[in-house]
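Source file data38.cif; content: mmCIF, N, CA, C and O atoms.
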data_final
loop_
_atom_site.group_PDB
_atom_site.id
_atom_site.type_symbol
_atom_site.label_atom_id
_atom_site.label_comp_id
_atom_site.auth_asym_id
_atom_site.auth_seq_id
_atom_site.Cartn_x
_atom_site.Cartn_y
_atom_site.Cartn_z
ATOM 1 N N ALA A 70 15.024 -12.985 -3.368
ATOM 2 C CA ALA A 70 13.697 -12.375 -3.493
ATOM 3 C C ALA A 70 13.000 -12.413 -2.137
ATOM 4 O O ALA A 70 13.021 -13.427 -1.452
ATOM 5 N N VAL A 71 12.413 -11.293 -1.791
ATOM 6 C CA VAL A 71 11.712 -11.207 -0.519
ATOM 7 C C VAL A 71 10.303 -11.764 -0.691
ATOM 8 O O VAL A 71 9.609 -11.431 -1.646
ATOM 9 N N THR A 72 9.910 -12.620 0.223
ATOM 10 C CA THR A 72 8.557 -13.147 0.238
ATOM 11 C C THR A 72 7.616 -12.027 0.668
ATOM 12 O O THR A 72 7.988 -11.182 1.458
ATOM 13 N N ALA A 73 6.415 -12.029 0.164
ATOM 14 C CA ALA A 73 5.460 -10.962 0.455
ATOM 15 C C ALA A 73 5.016 -10.987 1.911
ATOM 16 O O ALA A 73 4.860 -12.047 2.513
ATOM 17 N N TRP A 74 4.807 -9.792 2.443
ATOM 18 C CA TRP A 74 4.210 -9.643 3.763
ATOM 19 C C TRP A 74 2.741 -10.052 3.681
ATOM 20 O O TRP A 74 2.051 -9.722 2.719
ATOM 21 N N GLU A 75 2.270 -10.753 4.694
ATOM 22 C CA GLU A 75 0.844 -11.052 4.820
ATOM 23 C C GLU A 75 0.282 -10.024 5.787
ATOM 24 O O GLU A 75 0.734 -9.931 6.930
ATOM 25 N N ILE A 76 -0.675 -9.224 5.327
ATOM 26 C CA ILE A 76 -1.241 -8.152 6.141
ATOM 27 C C ILE A 76 -2.688 -8.498 6.461
ATOM 28 O O ILE A 76 -3.479 -8.782 5.548
ATOM 29 N N VAL A 77 -3.032 -8.498 7.750
ATOM 30 C CA VAL A 77 -4.408 -8.789 8.152
ATOM 31 C C VAL A 77 -4.884 -7.739 9.158
ATOM 32 O O VAL A 77 -4.118 -7.294 10.011
ATOM 33 N N PRO A 78 -6.161 -7.337 9.058
ATOM 34 C CA PRO A 78 -6.710 -6.398 10.033
ATOM 35 C C PRO A 78 -6.703 -7.031 11.427
ATOM 36 O O PRO A 78 -6.914 -8.245 11.566
ATOM 37 N N SER A 79 -6.437 -6.208 12.459
ATOM 38 C CA SER A 79 -6.431 -6.755 13.816
ATOM 39 C C SER A 79 -7.250 -5.900 14.765
ATOM 40 O O SER A 79 -7.250 -6.135 15.972
ATOM 41 N N GLY A 80 -7.947 -4.910 14.229
ATOM 42 C CA GLY A 80 -8.791 -4.040 15.044
ATOM 43 C C GLY A 80 -8.922 -2.698 14.366
ATOM 44 O O GLY A 80 -8.307 -2.459 13.337
ATOM 45 N N PRO A 81 -9.703 -1.804 14.965
ATOM 46 C CA PRO A 81 -9.879 -0.479 14.360
ATOM 47 C C PRO A 81 -8.546 0.261 14.251
ATOM 48 O O PRO A 81 -7.830 0.397 15.240
ATOM 49 N N GLY A 82 -8.194 0.674 13.043
ATOM 50 C CA GLY A 82 -6.967 1.433 12.856
ATOM 51 C C GLY A 82 -5.695 0.640 13.048
ATOM 52 O O GLY A 82 -4.626 1.205 13.242
ATOM 53 N N GLU A 83 -5.784 -0.682 12.984
ATOM 54 C CA GLU A 83 -4.569 -1.486 13.162
ATOM 55 C C GLU A 83 -4.609 -2.740 12.307
ATOM 56 O O GLU A 83 -5.647 -3.375 12.149
ATOM 57 N N MET A 84 -3.432 -3.063 11.755
ATOM 58 C CA MET A 84 -3.242 -4.304 11.009
ATOM 59 C C MET A 84 -1.974 -4.973 11.544
ATOM 60 O O MET A 84 -1.139 -4.321 12.163
ATOM 61 N N VAL A 85 -1.853 -6.257 11.279
ATOM 62 C CA VAL A 85 -0.638 -6.994 11.632
ATOM 63 C C VAL A 85 -0.033 -7.520 10.339
ATOM 64 O O VAL A 85 -0.725 -8.103 9.511
ATOM 65 N N GLY A 86 1.277 -7.277 10.177
ATOM 66 C CA GLY A 86 1.999 -7.786 9.025
ATOM 67 C C GLY A 86 2.941 -8.896 9.459
ATOM 68 O O GLY A 86 3.658 -8.746 10.445
ATOM 69 N N THR A 87 2.913 -10.006 8.739
ATOM 70 C CA THR A 87 3.776 -11.141 9.059
ATOM 71 C C THR A 87 4.561 -11.528 7.810
ATOM 72 O O THR A 87 4.008 -11.607 6.719
ATOM 73 N N LEU A 88 5.850 -11.757 8.007
ATOM 74 C CA LEU A 88 6.736 -12.138 6.910
ATOM 75 C C LEU A 88 7.465 -13.415 7.298
ATOM 76 O O LEU A 88 8.051 -13.494 8.381
ATOM 77 N N HIS A 89 7.407 -14.432 6.435
ATOM 78 C CA HIS A 89 8.140 -15.686 6.630
ATOM 79 C C HIS A 89 9.178 -15.797 5.524
ATOM 80 O O HIS A 89 8.831 -15.785 4.347
ATOM 81 N N ILE A 90 10.446 -15.882 5.896
ATOM 82 C CA ILE A 90 11.534 -16.104 4.937
ATOM 83 C C ILE A 90 12.415 -17.209 5.498
ATOM 84 O O ILE A 90 12.981 -17.070 6.580
ATOM 85 N N ARG A 91 12.481 -18.291 4.764
ATOM 86 C CA ARG A 91 13.207 -19.471 5.220
ATOM 87 C C ARG A 91 12.792 -19.797 6.665
ATOM 88 O O ARG A 91 11.613 -20.001 6.912
ATOM 89 N N SER A 92 13.748 -19.833 7.602
ATOM 90 C CA SER A 92 13.400 -20.176 8.987
ATOM 91 C C SER A 92 13.097 -18.936 9.825
ATOM 92 O O SER A 92 12.928 -19.029 11.032
ATOM 93 N N HIS A 93 13.033 -17.776 9.178
ATOM 94 C CA HIS A 93 12.812 -16.526 9.907
ATOM 95 C C HIS A 93 11.347 -16.101 9.844
ATOM 96 O O HIS A 93 10.672 -16.329 8.844
ATOM 97 N N MET A 94 10.902 -15.434 10.915
ATOM 98 C CA MET A 94 9.570 -14.843 10.932
ATOM 99 C C MET A 94 9.686 -13.479 11.586
ATOM 100 O O MET A 94 10.338 -13.333 12.621
ATOM 101 N N ALA A 95 9.078 -12.488 10.953
ATOM 102 C CA ALA A 95 9.002 -11.146 11.526
ATOM 103 C C ALA A 95 7.546 -10.727 11.529
ATOM 104 O O ALA A 95 6.810 -11.009 10.578
ATOM 105 N N GLN A 96 7.137 -10.069 12.612
ATOM 106 C CA GLN A 96 5.757 -9.604 12.695
ATOM 107 C C GLN A 96 5.759 -8.164 13.183
ATOM 108 O O GLN A 96 6.474 -7.823 14.131
ATOM 109 N N VAL A 97 4.967 -7.318 12.522
ATOM 110 C CA VAL A 97 4.885 -5.910 12.880
ATOM 111 C C VAL A 97 3.427 -5.506 13.069
ATOM 112 O O VAL A 97 2.520 -6.126 12.507
ATOM 113 N N ALA A 98 3.237 -4.472 13.882
ATOM 114 C CA ALA A 98 1.928 -3.836 14.016
ATOM 115 C C ALA A 98 1.949 -2.605 13.123
ATOM 116 O O ALA A 98 2.940 -1.871 13.091
ATOM 117 N N ILE A 99 0.883 -2.396 12.373
ATOM 118 C CA ILE A 99 0.754 -1.217 11.528
ATOM 119 C C ILE A 99 -0.478 -0.460 12.018
ATOM 120 O O ILE A 99 -1.608 -0.893 11.807
ATOM 121 N N LYS A 100 -0.236 0.634 12.741
ATOM 122 C CA LYS A 100 -1.340 1.468 13.227
ATOM 123 C C LYS A 100 -1.498 2.626 12.255
ATOM 124 O O LYS A 100 -0.509 3.175 11.779
ATOM 125 N N TYR A 101 -2.742 2.985 11.963
ATOM 126 C CA TYR A 101 -2.960 4.014 10.958
ATOM 127 C C TYR A 101 -4.186 4.862 11.257
ATOM 128 O O TYR A 101 -5.099 4.442 11.964
ATOM 129 N N THR A 102 -4.158 6.070 10.715
ATOM 130 C CA THR A 102 -5.310 6.972 10.686
ATOM 131 C C THR A 102 -5.455 7.397 9.230
ATOM 132 O O THR A 102 -4.694 6.940 8.374
ATOM 133 N N ASN A 103 -6.379 8.309 8.959
ATOM 134 C CA ASN A 103 -6.499 8.772 7.576
ATOM 135 C C ASN A 103 -5.387 9.763 7.228
ATOM 136 O O ASN A 103 -5.279 10.192 6.092
ATOM 137 N N LYS A 104 -4.548 10.115 8.186
ATOM 138 C CA LYS A 104 -3.454 11.052 7.928
ATOM 139 C C LYS A 104 -2.065 10.412 7.944
ATOM 140 O O LYS A 104 -1.155 10.889 7.294
ATOM 141 N N ASN A 105 -1.860 9.348 8.721
ATOM 142 C CA ASN A 105 -0.523 8.748 8.806
ATOM 143 C C ASN A 105 -0.597 7.295 9.258
ATOM 144 O O ASN A 105 -1.669 6.789 9.565
ATOM 145 N N TYR A 106 0.575 6.661 9.302
ATOM 146 C CA TYR A 106 0.667 5.282 9.780
ATOM 147 C C TYR A 106 2.008 5.087 10.479
ATOM 148 O O TYR A 106 2.930 5.879 10.311
ATOM 149 N N GLN A 107 2.085 4.035 11.269
ATOM 150 C CA GLN A 107 3.309 3.729 12.001
ATOM 151 C C GLN A 107 3.498 2.213 12.003
ATOM 152 O O GLN A 107 2.568 1.459 12.284
ATOM 153 N N ILE A 108 4.717 1.787 11.691
ATOM 154 C CA ILE A 108 5.062 0.362 11.702
ATOM 155 C C ILE A 108 5.939 0.119 12.917
ATOM 156 O O ILE A 108 6.972 0.769 13.082
ATOM 157 N N THR A 109 5.538 -0.818 13.788
ATOM 158 C CA THR A 109 6.331 -1.119 14.984
ATOM 159 C C THR A 109 6.548 -2.625 15.120
ATOM 160 O O THR A 109 5.725 -3.429 14.687
ATOM 161 N N TYR A 110 7.667 -2.978 15.743
ATOM 162 C CA TYR A 110 8.013 -4.383 15.994
ATOM 163 C C TYR A 110 6.940 -5.019 16.871
ATOM 164 O O TYR A 110 6.488 -4.422 17.841
ATOM 165 N N LYS A 111 6.538 -6.234 16.532
ATOM 166 C CA LYS A 111 5.583 -6.983 17.341
ATOM 167 C C LYS A 111 6.222 -8.258 17.876
ATOM 168 O O LYS A 111 6.238 -8.494 19.061
ATOM 169 N N SER A 112 6.787 -9.069 16.968
ATOM 170 C CA SER A 112 7.460 -10.295 17.407
ATOM 171 C C SER A 112 8.322 -10.833 16.271
ATOM 172 O O SER A 112 8.253 -10.356 15.143
ATOM 173 N N SER A 113 9.130 -11.852 16.592
ATOM 174 C CA SER A 113 9.970 -12.475 15.565
ATOM 175 C C SER A 113 10.446 -13.831 16.057
ATOM 176 O O SER A 113 10.351 -14.137 17.239
ATOM 177 N N SER A 114 10.966 -14.607 15.117
ATOM 178 C CA SER A 114 11.641 -15.851 15.490
ATOM 179 C C SER A 114 12.865 -16.015 14.594
ATOM 180 O O SER A 114 12.847 -15.623 13.427
ATOM 181 N N ASN A 115 13.921 -16.537 15.168
ATOM 182 C CA ASN A 115 15.199 -16.751 14.478
ATOM 183 C C ASN A 115 15.807 -15.466 13.910
ATOM 184 O O ASN A 115 16.485 -15.505 12.885
ATOM 185 N N LEU A 116 15.556 -14.330 14.570
ATOM 186 C CA LEU A 116 16.157 -13.070 14.142
ATOM 187 C C LEU A 116 17.000 -12.448 15.259
ATOM 188 O O LEU A 116 17.373 -11.283 15.187
ATOM 189 N N ASN A 117 17.293 -13.233 16.280
ATOM 190 C CA ASN A 117 18.190 -12.823 17.379
ATOM 191 C C ASN A 117 17.759 -11.532 18.059
ATOM 192 O O ASN A 117 18.592 -10.701 18.400
ATOM 193 N N TYR A 118 16.435 -11.352 18.258
ATOM 194 C CA TYR A 118 15.963 -10.138 18.917
ATOM 195 C C TYR A 118 16.331 -10.176 20.393
ATOM 196 O O TYR A 118 16.032 -11.129 21.089
ATOM 197 N N LYS A 119 17.027 -9.130 20.864
ATOM 198 C CA LYS A 119 17.375 -9.028 22.280
ATOM 199 C C LYS A 119 17.765 -7.591 22.600
ATOM 200 O O LYS A 119 18.555 -6.981 21.876
ATOM 201 N N ASP A 120 17.207 -7.057 23.650
ATOM 202 C CA ASP A 120 17.551 -5.714 24.132
ATOM 203 C C ASP A 120 17.464 -4.659 23.031
ATOM 204 O O ASP A 120 18.327 -3.801 22.913
ATOM 205 N N GLY A 121 16.423 -4.722 22.219
ATOM 206 C CA GLY A 121 16.234 -3.727 21.161
ATOM 207 C C GLY A 121 17.081 -3.952 19.914
ATOM 208 O O GLY A 121 17.001 -3.197 18.961
ATOM 209 N N GLU A 122 17.912 -4.979 19.901
ATOM 210 C CA GLU A 122 18.748 -5.306 18.731
ATOM 211 C C GLU A 122 18.106 -6.480 17.989
ATOM 212 O O GLU A 122 17.477 -7.338 18.601
ATOM 213 N N ILE A 123 18.302 -6.493 16.666
ATOM 214 C CA ILE A 123 17.720 -7.563 15.852
ATOM 215 C C ILE A 123 18.587 -7.766 14.610
ATOM 216 O O ILE A 123 19.401 -6.907 14.262
ATOM 217 N N HIS A 124 18.410 -8.891 13.960
ATOM 218 C CA HIS A 124 19.129 -9.212 12.719
ATOM 219 C C HIS A 124 18.994 -8.050 11.729
ATOM 220 O O HIS A 124 17.902 -7.502 11.550
ATOM 221 N N PRO A 125 20.078 -7.652 11.053
ATOM 222 C CA PRO A 125 20.031 -6.503 10.134
ATOM 223 C C PRO A 125 19.001 -6.634 9.016
ATOM 224 O O PRO A 125 18.478 -5.629 8.550
ATOM 225 N N ASN A 126 18.700 -7.844 8.580
ATOM 226 C CA ASN A 126 17.723 -8.012 7.504
ATOM 227 C C ASN A 126 16.328 -7.537 7.910
ATOM 228 O O ASN A 126 15.553 -7.108 7.048
ATOM 229 N N TYR A 127 16.011 -7.591 9.203
ATOM 230 C CA TYR A 127 14.689 -7.144 9.666
ATOM 231 C C TYR A 127 14.429 -5.715 9.203
ATOM 232 O O TYR A 127 13.373 -5.407 8.657
ATOM 233 N N ASN A 128 15.394 -4.832 9.419
ATOM 234 C CA ASN A 128 15.210 -3.427 9.032
ATOM 235 C C ASN A 128 15.033 -3.270 7.525
ATOM 236 O O ASN A 128 14.244 -2.445 7.073
ATOM 237 N N LYS A 129 15.750 -4.077 6.746
ATOM 238 C CA LYS A 129 15.593 -4.028 5.291
ATOM 239 C C LYS A 129 14.178 -4.452 4.896
ATOM 240 O O LYS A 129 13.551 -3.834 4.036
ATOM 241 N N TRP A 130 13.683 -5.523 5.518
ATOM 242 C CA TRP A 130 12.351 -6.019 5.197
ATOM 243 C C TRP A 130 11.287 -4.995 5.560
ATOM 244 O O TRP A 130 10.338 -4.781 4.808
ATOM 245 N N VAL A 131 11.446 -4.341 6.714
ATOM 246 C CA VAL A 131 10.467 -3.336 7.136
ATOM 247 C C VAL A 131 10.547 -2.093 6.242
ATOM 248 O O VAL A 131 9.524 -1.503 5.905
ATOM 249 N N MET A 132 11.752 -1.723 5.815
ATOM 250 C CA MET A 132 11.882 -0.594 4.891
ATOM 251 C C MET A 132 11.187 -0.896 3.561
ATOM 252 O O MET A 132 10.546 -0.022 2.969
ATOM 253 N N THR A 133 11.308 -2.135 3.087
ATOM 254 C CA THR A 133 10.621 -2.532 1.857
ATOM 255 C C THR A 133 9.112 -2.439 2.049
ATOM 256 O O THR A 133 8.400 -1.921 1.177
ATOM 257 N N LEU A 134 8.612 -2.906 3.191
ATOM 258 C CA LEU A 134 7.183 -2.805 3.493
ATOM 259 C C LEU A 134 6.755 -1.336 3.509
ATOM 260 O O LEU A 134 5.752 -0.962 2.893
ATOM 261 N N ASP A 135 7.520 -0.495 4.181
ATOM 262 C CA ASP A 135 7.217 0.928 4.267
ATOM 263 C C ASP A 135 7.178 1.556 2.867
ATOM 264 O O ASP A 135 6.250 2.294 2.528
ATOM 265 N N ASN A 136 8.171 1.246 2.040
ATOM 266 C CA ASN A 136 8.208 1.772 0.671
ATOM 267 C C ASN A 136 6.996 1.314 -0.145
ATOM 268 O O ASN A 136 6.442 2.083 -0.924
ATOM 269 N N ASN A 137 6.591 0.053 0.050
ATOM 270 C CA ASN A 137 5.427 -0.466 -0.672
ATOM 271 C C ASN A 137 4.150 0.249 -0.235
ATOM 272 O O ASN A 137 3.291 0.554 -1.064
ATOM 273 N N ILE A 138 4.028 0.508 1.072
ATOM 274 C CA ILE A 138 2.856 1.236 1.575
ATOM 275 C C ILE A 138 2.842 2.645 0.988
ATOM 276 O O ILE A 138 1.814 3.112 0.501
ATOM 277 N N ARG A 139 3.995 3.325 1.002
ATOM 278 C CA ARG A 139 4.074 4.687 0.454
ATOM 279 C C ARG A 139 3.703 4.708 -1.036
ATOM 280 O O ARG A 139 2.986 5.595 -1.484
ATOM 281 N N ARG A 140 4.203 3.726 -1.774
ATOM 282 C CA ARG A 140 3.913 3.646 -3.213
ATOM 283 C C ARG A 140 2.409 3.447 -3.437
ATOM 284 O O ARG A 140 1.807 4.086 -4.295
ATOM 285 N N GLU A 141 1.811 2.555 -2.655
ATOM 286 C CA GLU A 141 0.377 2.292 -2.791
ATOM 287 C C GLU A 141 -0.441 3.524 -2.433
ATOM 288 O O GLU A 141 -1.391 3.882 -3.135
ATOM 289 N N LEU A 142 -0.075 4.224 -1.365
ATOM 290 C CA LEU A 142 -0.798 5.437 -0.975
ATOM 291 C C LEU A 142 -0.664 6.518 -2.047
ATOM 292 O O LEU A 142 -1.613 7.231 -2.331
ATOM 293 N N ALA A 143 0.518 6.639 -2.626
ATOM 294 C CA ALA A 143 0.746 7.630 -3.689
ATOM 295 C C ALA A 143 -0.147 7.320 -4.893
ATOM 296 O O ALA A 143 -0.721 8.232 -5.492
ATOM 297 N N SER A 144 -0.252 6.047 -5.254
ATOM 298 C CA SER A 144 -1.075 5.695 -6.411
ATOM 299 C C SER A 144 -2.562 5.925 -6.102
ATOM 300 O O SER A 144 -3.312 6.340 -6.979
ATOM 301 N N LEU A 145 -2.974 5.699 -4.859
ATOM 302 C CA LEU A 145 -4.368 5.950 -4.497
ATOM 303 C C LEU A 145 -4.700 7.430 -4.521
ATOM 304 O O LEU A 145 -5.803 7.818 -4.876
ATOM 305 N N SER A 146 -3.747 8.259 -4.122
ATOM 306 C CA SER A 146 -4.011 9.704 -4.060
ATOM 307 C C SER A 146 -4.111 10.329 -5.446
ATOM 308 O O SER A 146 -4.635 11.420 -5.600
ATOM 309 N N LYS A 147 -3.643 9.621 -6.464
ATOM 310 C CA LYS A 147 -3.706 10.139 -7.848
ATOM 311 C C LYS A 147 -5.037 9.807 -8.501
ATOM 312 O O LYS A 147 -5.341 10.318 -9.561
ATOM 313 N N LYS A 148 -5.814 8.915 -7.881
ATOM 314 C CA LYS A 148 -7.086 8.488 -8.486
ATOM 315 C C LYS A 148 -8.207 9.446 -8.147
ATOM 316 O O LYS A 148 -8.195 10.147 -7.188
#
Could you quickly redo this structure as structure tokens?
Amino acid sequence: AVTAWEIVPSGPGEMVGTLHIRSHMAQVAIKYTNKNYQITYKSSSNLNYKDGEIHPNYNKWVMTLDNNIRRELASLSKK
């Protein structure tokens, strides 16, 4: 089971998402406007980040975050 991302505002149009799983930590920047958003790598620990490469689970975790954001936006647009 994936532990939930902790999302906190970090400035206008930007949030920071942090995920802790066992000894791993992943952190992303989420920049957004009222039309779109972008998730980018910010930092990590114990995920072997080097030269643009990272542990394969990182991409799975970020895809799950992206899917959750899309699902939430879809439900908001129906209201």
Contact table segment 80-118 of chain A vs segment 125-134 of chain A, cut-off 10 Å, shortest pair per residue, only C-alpha atoms, as CSV:
residue,atom,partner,partner_atom,distance
A:Gly86,CA,A:Leu134,CA,9.1
A:Leu88,CA,A:Trp130,CA,8.5
A:His93,CA,A:Tyr127,CA,9.6
A:Met94,CA,A:Tyr127,CA,9.3
A:Ala95,CA,A:Tyr127,CA,7.2
A:Gln96,CA,A:Val131,CA,9.6
A:Val97,CA,A:Val131,CA,8.4
A:Ile108,CA,A:Val131,CA,8.0
A:Thr109,CA,A:Val131,CA,9.1
A:Tyr110,CA,A:Val131,CA,9.3
A:Ser113,CA,A:Tyr127,CA,9.2
A:Leu116,CA,A:Tyr127,CA,7.6
A:Asn117,CA,A:Pro125,CA,9.8
A:Tyr118,CA,A:Tyr127,CA,9.8
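Between atom CA of Lys100 of chain A and atom CA of Gly82 of chain A the separation is 5.6 Å.
Nearest residue to Trp74 of chain A among A:Ser92, A:Lys119, A:Ser114, A:Thr87 is A:Thr87, counting all atoms listed in the file.
From atom C of Ile99 of chain A back to atom O of Glu83 of chain A, the distance works out to 5.9 Å.
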Computed interatomic separation between atom CA of Ile90 of chain A and atom CA of Asn115 of chain A (Å) | 10.2 Å
Using DSSP on the backbone coordinates, identify all residues within chain A classified as helix (DSSP H, G or I); present the result as a PDB file with N, CA, C and O atoms, in the frame of the given file.
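Result written to selection_39.pdb:
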ATOM      1  N   PRO A 125      20.078  -7.652  11.053  1.00  0.00           N
ATOM      2  CA  PRO A 125      20.031  -6.503  10.134  1.00  0.00           C
ATOM      3  C   PRO A 125      19.001  -6.634   9.016  1.00  0.00           C
ATOM      4  O   PRO A 125      18.478  -5.629   8.550  1.00  0.00           O
ATOM      5  N   ASN A 126      18.700  -7.844   8.580  1.00  0.00           N
ATOM      6  CA  ASN A 126      17.723  -8.012   7.504  1.00  0.00           C
ATOM      7  C   ASN A 126      16.328  -7.537   7.910  1.00  0.00           C
ATOM      8  O   ASN A 126      15.553  -7.108   7.048  1.00  0.00           O
ATOM      9  N   TYR A 127      16.011  -7.591   9.203  1.00  0.00           N
ATOM     10  CA  TYR A 127      14.689  -7.144   9.666  1.00  0.00           C
ATOM     11  C   TYR A 127      14.429  -5.715   9.203  1.00  0.00           C
ATOM     12  O   TYR A 127      13.373  -5.407   8.657  1.00  0.00           O
ATOM     13  N   ASN A 128      15.394  -4.832   9.419  1.00  0.00           N
ATOM     14  CA  ASN A 128      15.210  -3.427   9.032  1.00  0.00           C
ATOM     15  C   ASN A 128      15.033  -3.270   7.525  1.00  0.00           C
ATOM     16  O   ASN A 128      14.244  -2.445   7.073  1.00  0.00           O
ATOM     17  N   LYS A 129      15.750  -4.077   6.746  1.00  0.00           N
ATOM     18  CA  LYS A 129      15.593  -4.028   5.291  1.00  0.00           C
ATOM     19  C   LYS A 129      14.178  -4.452   4.896  1.00  0.00           C
ATOM     20  O   LYS A 129      13.551  -3.834   4.036  1.00  0.00           O
ATOM     21  N   TRP A 130      13.683  -5.523   5.518  1.00  0.00           N
ATOM     22  CA  TRP A 130      12.351  -6.019   5.197  1.00  0.00           C
ATOM     23  C   TRP A 130      11.287  -4.995   5.560  1.00  0.00           C
ATOM     24  O   TRP A 130      10.338  -4.781   4.808  1.00  0.00           O
ATOM     25  N   VAL A 131      11.446  -4.341   6.714  1.00  0.00           N
ATOM     26  CA  VAL A 131      10.467  -3.336   7.136  1.00  0.00           C
ATOM     27  C   VAL A 131      10.547  -2.093   6.242  1.00  0.00           C
ATOM     28  O   VAL A 131       9.524  -1.503   5.905  1.00  0.00           O
ATOM     29  N   MET A 132      11.752  -1.723   5.815  1.00  0.00           N
ATOM     30  CA  MET A 132      11.882  -0.594   4.891  1.00  0.00           C
ATOM     31  C   MET A 132      11.187  -0.896   3.561  1.00  0.00           C
ATOM     32  O   MET A 132      10.546  -0.022   2.969  1.00  0.00           O
ATOM     33  N   THR A 133      11.308  -2.135   3.087  1.00  0.00           N
ATOM     34  CA  THR A 133      10.621  -2.532   1.857  1.00  0.00           C
ATOM     35  C   THR A 133       9.112  -2.439   2.049  1.00  0.00           C
ATOM     36  O   THR A 133       8.400  -1.921   1.177  1.00  0.00           O
ATOM     37  N   LEU A 134       8.612  -2.906   3.191  1.00  0.00           N
ATOM     38  CA  LEU A 134       7.183  -2.805   3.493  1.00  0.00           C
ATOM     39  C   LEU A 134       6.755  -1.336   3.509  1.00  0.00           C
ATOM     40  O   LEU A 134       5.752  -0.962   2.893  1.00  0.00           O
ATOM     41  N   ASP A 135       7.520  -0.495   4.181  1.00  0.00           N
ATOM     42  CA  ASP A 135       7.217   0.928   4.267  1.00  0.00           C
ATOM     43  C   ASP A 135       7.178   1.556   2.867  1.00  0.00           C
ATOM     44  O   ASP A 135       6.250   2.294   2.528  1.00  0.00           O
ATOM     45  N   ASN A 136       8.171   1.246   2.040  1.00  0.00           N
ATOM     46  CA  ASN A 136       8.208   1.772   0.671  1.00  0.00           C
ATOM     47  C   ASN A 136       6.996   1.314  -0.145  1.00  0.00           C
ATOM     48  O   ASN A 136       6.442   2.083  -0.924  1.00  0.00           O
ATOM     49  N   ASN A 137       6.591   0.053   0.050  1.00  0.00           N
ATOM     50  CA  ASN A 137       5.427  -0.466  -0.672  1.00  0.00           C
ATOM     51  C   ASN A 137       4.150   0.249  -0.235  1.00  0.00           C
ATOM     52  O   ASN A 137       3.291   0.554  -1.064  1.00  0.00           O
ATOM     53  N   ILE A 138       4.028   0.508   1.072  1.00  0.00           N
ATOM     54  CA  ILE A 138       2.856   1.236   1.575  1.00  0.00           C
ATOM     55  C   ILE A 138       2.842   2.645   0.988  1.00  0.00           C
ATOM     56  O   ILE A 138       1.814   3.112   0.501  1.00  0.00           O
ATOM     57  N   ARG A 139       3.995   3.325   1.002  1.00  0.00           N
ATOM     58  CA  ARG A 139       4.074   4.687   0.454  1.00  0.00           C
ATOM     59  C   ARG A 139       3.703   4.708  -1.036  1.00  0.00           C
ATOM     60  O   ARG A 139       2.986   5.595  -1.484  1.00  0.00           O
ATOM     61  N   ARG A 140       4.203   3.726  -1.774  1.00  0.00           N
ATOM     62  CA  ARG A 140       3.913   3.646  -3.213  1.00  0.00           C
ATOM     63  C   ARG A 140       2.409   3.447  -3.437  1.00  0.00           C
ATOM     64  O   ARG A 140       1.807   4.086  -4.295  1.00  0.00           O
ATOM     65  N   GLU A 141       1.811   2.555  -2.655  1.00  0.00           N
ATOM     66  CA  GLU A 141       0.377   2.292  -2.791  1.00  0.00           C
ATOM     67  C   GLU A 141      -0.441   3.524  -2.433  1.00  0.00           C
ATOM     68  O   GLU A 141      -1.391   3.882  -3.135  1.00  0.00           O
ATOM     69  N   LEU A 142      -0.075   4.224  -1.365  1.00  0.00           N
ATOM     70  CA  LEU A 142      -0.798   5.437  -0.975  1.00  0.00           C
ATOM     71  C   LEU A 142      -0.664   6.518  -2.047  1.00  0.00           C
ATOM     72  O   LEU A 142      -1.613   7.231  -2.331  1.00  0.00           O
ATOM     73  N   ALA A 143       0.518   6.639  -2.626  1.00  0.00           N
ATOM     74  CA  ALA A 143       0.746   7.630  -3.689  1.00  0.00           C
ATOM     75  C   ALA A 143      -0.147   7.320  -4.893  1.00  0.00           C
ATOM     76  O   ALA A 143      -0.721   8.232  -5.492  1.00  0.00           O
ATOM     77  N   SER A 144      -0.252   6.047  -5.254  1.00  0.00           N
ATOM     78  CA  SER A 144      -1.075   5.695  -6.411  1.00  0.00           C
ATOM     79  C   SER A 144      -2.562   5.925  -6.102  1.00  0.00           C
ATOM     80  O   SER A 144      -3.312   6.340  -6.979  1.00  0.00           O
ATOM     81  N   LEU A 145      -2.974   5.699  -4.859  1.00  0.00           N
ATOM     82  CA  LEU A 145      -4.368   5.950  -4.497  1.00  0.00           C
ATOM     83  C   LEU A 145      -4.700   7.430  -4.521  1.00  0.00           C
ATOM     84  O   LEU A 145      -5.803   7.818  -4.876  1.00  0.00           O
ATOM     85  N   SER A 146      -3.747   8.259  -4.122  1.00  0.00           N
ATOM     86  CA  SER A 146      -4.011   9.704  -4.060  1.00  0.00           C
ATOM     87  C   SER A 146      -4.111  10.329  -5.446  1.00  0.00           C
ATOM     88  O   SER A 146      -4.635  11.420  -5.600  1.00  0.00           O
TER      89      SER A 146
END
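The nearest approach to Gln107 of chain A among the residues A:Ala73, A:Arg140, A:Met84, A:Ser79, with only C-alpha atoms taken into account, belongs to A:Met84.
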5 Å per side around segment 81-89 of chain A: axis-aligned box centre and edge lengths, as lines of an AutoDock Vina configuration file:
center_x = -0.4
center_y = -7.2
center_z = 9.8
size_x = 29.1
size_y = 27.2
size_z = 20.9
Pick out each residue of chain A that DSSP on the backbone tags as strand (DSSP E); I need them as a PyMOL selection string.
-> chain A and resi 75-80+83-90+93-101+106-114
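Closest approach to Ser112 of chain A among A:Ala98, A:Lys147, A:Pro78, A:Asn137: A:Ala98, based on only C-alpha atoms.
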Can you pull out every residue within 4.5 Å of Val85 of chain A, counting only N, CA, C and O atoms, but drop anything in the same chain fewer than 4 positions away, and send it as a compact mmCIF listing (two decimals) with N, CA, C and O atoms, in the frame of the given file?
# COMPACT_ATOMS: atom_id res chain seq x y z
N GLU A 75 2.27 -10.75 4.69
CA GLU A 75 0.84 -11.05 4.82
C GLU A 75 0.28 -10.02 5.79
O GLU A 75 0.73 -9.93 6.93
N ILE A 76 -0.68 -9.22 5.33
CA ILE A 76 -1.24 -8.15 6.14
C ILE A 76 -2.69 -8.50 6.46
O ILE A 76 -3.48 -8.78 5.55
N VAL A 77 -3.03 -8.50 7.75
CA VAL A 77 -4.41 -8.79 8.15
C VAL A 77 -4.88 -7.74 9.16
O VAL A 77 -4.12 -7.29 10.01
N VAL A 97 4.97 -7.32 12.52
CA VAL A 97 4.88 -5.91 12.88
C VAL A 97 3.43 -5.51 13.07
O VAL A 97 2.52 -6.13 12.51
